[in-house]
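Asks: One structure, pasted below without further comment.
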Amino acid sequence: MTGAAAPVYARVALIGLGLIAASMAHAMRDKGLAGSIVGHARSAETRATALEIGVVDAVFDTAAEAVRDADLVVLAVPVGAMGAIAAEIAPHLAPGATLTDVGSVKQAVIEAVAPHVPAHVHFIPGHPLAGTEHSGPRAGFATLFVNRWWLLTPLPEANAQAVARLEDLLRGLGANVDSMEPAHHDLVLAVTSHTPHLIAYTMVGVADHLRRVTESEIVKYSAAGFRDFTRIAASDPTMWRDVFLTNREATLDILGRFTEELFVLQRAIRMGDGQLLHDYFTRTRAIRRGIIEAGQDTAAPDFGRGAAVPPPAEADS
Ligand SMILES: NC(=O)C1=CN([C@@H]2O[C@H](COP(=O)(O)OP(=O)(O)OC[C@H]3O[C@@H](n4cnc5c(N)ncnc54)[C@H](O)[C@@H]3O)[C@@H](O)[C@H]2O)C=CC1
Ligand SMILES: O=C(O)C(=O)Cc1ccc(O)cc1
C-alpha cells in the first residue's frame, strides 16, 4: 500500500470487472481508499480472472449478492446493461449507500437507473474521461485516472455530503473532478469522444475495403494518424454500440455538422481552392496550440508513442 490514508468507503462493490473497474480497484488498493473490494461480472471466466489477479477480494455470481453491505456500488458495465442491473440490485442496496456508474453517456443512464434507486440510496452518476481500447480485468492499471477528468452529473436533489465523499475517492484515484448537467455532458462528449470514435471506425472501414485492392499496403505503410484510428477502432464493440444507441441525438447533431464541414473541404479540393484550405487549417492549428498553451492537453495518455503502455488484454464477454 502506498500513500495509505483512512479508507473512504468500507466496502466497495464493482459490478462489471473490466478495464475501468479493475483500474479503480488497483488504484483503491494502492492508496488504501477501500476497506474491501468485492465484485460481480457476468461471465464466470471474468470473475475467476478478477479474483486470480487480485482485482477483488471476493466475487459473487449475482450482482444482488455483490452489493449487500457495500457503502459504495459502482456500475461498470456497458451503458445498455445499466438499467437491468439497477433493477436487480435495487432491493439489496444498503441504506445510506452511494451508487455511481462510469458510463460514457449520462442522460440515458440516469433515465434507466434512477427509477430503480430507493430513496435511502444516493445515486451519483459519473464518467471518467480516461480509458484505452483494451477490455477485461487484465487491462486495468492503477494510474489510468491520474490527472484525468472525472465528470459527475449529480441529480438536483443529490446529497452534498455523499457527493463530497465520492469526490474524495475520485481525487484519491488521482482524478480531477468536475460537475456538469447530464445533457451538456452528452453533447460535449459527442464532440470530443463519440463522433471522433465513429470517424475512426469509418476510416478503418474505408481502408479495409481498399485493402482488398491494394493487398497489405495500407497496413505496411500506415502513418501515425491512421495507426491512431486503428487503435481507437479496436475498442470494445458492445460498449461503443451502446454509446451510439444511447447518445443518439447529440451524436447525430455533431455528425450532421461534421458532414457539412466535410462537404466544404471536399468542394474546396475539387475547385482547387487552396486559400480556403489554408485558412481552414490555420484556424484548426490555432485551436490545437490554444489547448497546449492553456495546459489542457492532459486527455491523451502516451499510448502508442512509447510510454505508459497498458498491458494488452483479451476481450471480455
Ligand atoms: N473503455 C473505456 O475506455 C472507457 C469506458 N467507460 C465506460 O465504462 C463502462 C465499462 O467499460 P469497460 O470497463 O471499458 O468495459 P469492459 O468490456 O472492459 O468490461 C465490462 C464488464 O461488464 C461486464 N458485463 C457486460 N455486460 C454485462 C451484463 N449485461 N451484465 C453484467 N455484466 C456485464 C463484462 O463481463 C465486464 O466484466 C462502460 O459503460 C463504458 O462506457 C468510461 C470511460 C472509458
Ligand atoms: O482510448 C481512447 O482514446 C479513449 O478515448 C478512451 C475513452 C473511451 C470512452 C470514454 O468514455 C472515455 C475515454
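In the C-alpha cells, chains take letters A, B, ... by order of appearance, with residues numbered from 1 within each chain and ligands from 1 in the order shown.
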If you run DSSP on this backbone, which residues of region 168-251 of chain A come out as strand (DSSP E), and could you give them as a list in words?

Replies: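 In region 168-251 of chain A, DSSP puts these residues in strand (DSSP E): Asn176, Val177, Asp178 and Ser179 of chain A.
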
Asks: Give as a list in words the residues surrounding ligand 2 up to a distance of 7 Å, considering only C-alpha atoms and all ligand atoms.

Replies: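 Here is the list of contacting residues: Gly103, Ser104, His127, Pro128, Leu129, Ala130, Gly131, Thr132, Glu133, Ser193, Ile232 and Ala300 of chain A.
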
Asks: Give me every helix (DSSP H, G or I) residue in region 64-313 of chain A, going by DSSP on the backbone, as a ChimeraX atom specification.

Replies: /A:64-67,79-92,107-116,137-139,160-172,182-214,217-220,224-232,237-246,248-271,274-293

Asks: So which residues are near ligand 1, meaning at most 8 Å away with only C-alpha atoms and all ligand atoms counted, given back as a ChimeraX atom specification?

Replies: /A:15-22,40-43,46-47,63,75-82,84-85,101-105,127-137,139,235-236,238-240,242-243,315-317

Asks: Would you put the residues from that selection into a file with C-alpha atoms, as a PDB file, in the first residue's frame?

Replies:
ATOM      1  CA  ILE A  15     -20.460  -4.514 -10.953  1.00  0.00           C
ATOM      2  CA  GLY A  16     -18.660  -5.381 -14.181  1.00  0.00           C
ATOM      3  CA  LEU A  17     -14.991  -6.267 -13.812  1.00  0.00           C
ATOM      4  CA  GLY A  18     -13.428  -4.819 -16.954  1.00  0.00           C
ATOM      5  CA  LEU A  19     -10.871  -2.128 -17.738  1.00  0.00           C
ATOM      6  CA  ILE A  20     -12.471   0.657 -15.687  1.00  0.00           C
ATOM      7  CA  ALA A  21     -13.480  -1.406 -12.629  1.00  0.00           C
ATOM      8  CA  ALA A  22     -10.101  -3.154 -12.487  1.00  0.00           C
ATOM      9  CA  HIS A  40     -19.574  -9.338  -9.927  1.00  0.00           C
ATOM     10  CA  ALA A  41     -19.179  -9.921 -13.645  1.00  0.00           C
ATOM     11  CA  ARG A  42     -21.491 -11.750 -15.989  1.00  0.00           C
ATOM     12  CA  SER A  43     -19.046 -14.416 -17.084  1.00  0.00           C
ATOM     13  CA  THR A  46     -14.041 -12.920 -15.858  1.00  0.00           C
ATOM     14  CA  ARG A  47     -14.952 -13.456 -12.190  1.00  0.00           C
ATOM     15  CA  ALA A  63     -24.920  -8.541  -8.740  1.00  0.00           C
ATOM     16  CA  LEU A  75     -21.812   0.140 -12.154  1.00  0.00           C
ATOM     17  CA  ALA A  76     -19.010  -0.518 -14.662  1.00  0.00           C
ATOM     18  CA  VAL A  77     -20.837  -2.375 -17.422  1.00  0.00           C
ATOM     19  CA  PRO A  78     -21.773  -1.215 -20.947  1.00  0.00           C
ATOM     20  CA  VAL A  79     -24.278   1.642 -20.860  1.00  0.00           C
ATOM     21  CA  GLY A  80     -27.088  -0.504 -22.315  1.00  0.00           C
ATOM     22  CA  ALA A  81     -26.817  -3.001 -19.429  1.00  0.00           C
ATOM     23  CA  MET A  82     -27.077  -0.478 -16.570  1.00  0.00           C
ATOM     24  CA  ALA A  84     -31.390  -4.107 -15.877  1.00  0.00           C
ATOM     25  CA  ILE A  85     -28.615  -4.317 -13.289  1.00  0.00           C
ATOM     26  CA  ASP A 101     -21.639   4.492 -12.590  1.00  0.00           C
ATOM     27  CA  VAL A 102     -18.815   5.079 -15.045  1.00  0.00           C
ATOM     28  CA  GLY A 103     -20.834   5.061 -18.274  1.00  0.00           C
ATOM     29  CA  SER A 104     -19.727   7.162 -21.244  1.00  0.00           C
ATOM     30  CA  VAL A 105     -23.258   8.552 -21.677  1.00  0.00           C
ATOM     31  CA  HIS A 127     -17.822   9.335 -16.110  1.00  0.00           C
ATOM     32  CA  PRO A 128     -14.023   9.081 -16.056  1.00  0.00           C
ATOM     33  CA  LEU A 129     -12.547  10.696 -19.169  1.00  0.00           C
ATOM     34  CA  ALA A 130      -9.850   8.064 -19.287  1.00  0.00           C
ATOM     35  CA  GLY A 131      -9.619   4.718 -20.963  1.00  0.00           C
ATOM     36  CA  THR A 132      -7.946   2.622 -23.595  1.00  0.00           C
ATOM     37  CA  GLU A 133      -9.014   0.348 -26.429  1.00  0.00           C
ATOM     38  CA  HIS A 134      -8.463  -2.704 -24.203  1.00  0.00           C
ATOM     39  CA  SER A 135     -11.150  -4.610 -22.279  1.00  0.00           C
ATOM     40  CA  GLY A 136     -11.455  -7.045 -19.415  1.00  0.00           C
ATOM     41  CA  PRO A 137      -9.938  -7.236 -15.928  1.00  0.00           C
ATOM     42  CA  ALA A 139      -6.485  -4.446 -18.983  1.00  0.00           C
ATOM     43  CA  SER A 235     -12.256  -0.588 -28.888  1.00  0.00           C
ATOM     44  CA  ASP A 236     -14.956  -2.854 -27.448  1.00  0.00           C
ATOM     45  CA  THR A 238     -20.548  -3.724 -27.306  1.00  0.00           C
ATOM     46  CA  MET A 239     -19.511  -0.648 -25.351  1.00  0.00           C
ATOM     47  CA  TRP A 240     -19.453   1.548 -28.453  1.00  0.00           C
ATOM     48  CA  ASP A 242     -24.340   1.173 -26.649  1.00  0.00           C
ATOM     49  CA  VAL A 243     -22.741   4.639 -26.674  1.00  0.00           C
ATOM     50  CA  ALA A 315     -11.621  -9.221 -24.954  1.00  0.00           C
ATOM     51  CA  ASP A 316     -14.114  -9.828 -22.201  1.00  0.00           C
ATOM     52  CA  SER A 317     -17.537 -11.315 -22.678  1.00  0.00           C
TER      53      SER A 317
END

Asks: Counting only C-alpha atoms, which of A:Ile254, A:Val38, A:Ala6, A:Val74 gets nearest to Val59 (chain A)?

Replies: A:Val38

Asks: Could you name the residues that touch Val121 (chain A) at 9 Å or less, counting only C-alpha atoms, but leaving out those on the same chain fewer than 5 positions away, as a list in words?

Replies: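 My reading of the contact set: Leu93, Ala94, Pro95, Gly96, Ala97, Thr98 and Leu99 of chain A.
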
Asks: Point out the residue among A:Ala158, A:Ala183, A:Leu262, A:Leu198 with the least atom-to-atom distance to Ala108 (chain A), counting only C-alpha atoms.

Replies: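 Using only C-alpha atoms, Ala108 (chain A) sits closest to A:Ala183.
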
Asks: Go through A:Ala25, A:Ala48, A:Ala34, A:Val8 one by one, measure the shortest atom-to-atom distance of each to Thr143 (chain A) using only C-alpha atoms, and give the residue with the smallest value.

Replies: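 Closest candidate: A:Ala25.
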
Asks: Check the smallest atom-to-atom distance from each of A:Arg248, A:Arg288, A:Arg11, A:Arg171 to His194 (chain A) using only C-alpha atoms, then report the winner.

Replies: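 Going through A:Arg248, A:Arg288, A:Arg11, A:Arg171 one by one, the smallest distance to His194 (chain A) is for A:Arg248.
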
Asks: Residues within 8 Å of Glu181 (chain A), please, as a list in words. Count only C-alpha atoms; anything in the same chain fewer than 4 positions from it doesn't count.

Replies: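 Counting only the stated atoms, we get Thr153, Pro154 and His185 of chain A.
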
Asks: Quick one: write out the picked residues with N, CA and C atoms as a JSON list (two decimals), in the first residue's frame?

Replies:
[["chain", "number", "residue", "atom", "x", "y", "z"],
["A", 153, "THR", "N", -22.42, 13.98, -12.77],
["A", 153, "THR", "CA", -23.64, 14.68, -13.20],
["A", 153, "THR", "C", -24.73, 14.43, -12.15],
["A", 154, "PRO", "N", -24.53, 15.00, -10.94],
["A", 154, "PRO", "CA", -25.48, 14.72, -9.85],
["A", 154, "PRO", "C", -26.87, 15.24, -10.16],
["A", 185, "HIS", "N", -23.14, 17.26, -20.68],
["A", 185, "HIS", "CA", -22.12, 16.20, -20.75],
["A", 185, "HIS", "C", -22.21, 15.44, -22.07]]

Asks: Measuring atom to atom with only C-alpha atoms, identify which of A:Asp253, A:Glu260, A:Glu65, A:Asp71 is nearest to Pro7 (chain A).

Replies: A:Asp71

Asks: Nearest to Ile89 (chain A) among A:Ser36, A:Ser23, A:Gln275, A:Thr62, with distances taken over only C-alpha atoms: which residue is it?

Replies: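 Checking each of A:Ser36, A:Ser23, A:Gln275, A:Thr62 against Ile89 (chain A), counting only C-alpha atoms, the winner is A:Thr62.
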
Asks: In Å to one decimal, how far is CA of Thr195 (chain A) from CA of Phe229 (chain A)?

Replies: 12.5 Å

Asks: To one decimal in Å, tell me the separation between CA of His197 (chain A) and CA of Val55 (chain A).

Replies: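 Those two atoms sit 28.6 Å apart.
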
Asks: Identify, on the basis of only C-alpha atoms, every residue whose closest approach to Glu157 (chain A) does not exceed 12 Å; exclude the query and any residue fewer than 6 positions from it along the same chain; express the result as a ChimeraX atom specification.

Replies: /A:114,119,121-124,163

Asks: Mind pulling up the distance from CA of Arg29 (chain A) to CA of Ala164 (chain A)?

Replies: 20.3 Å
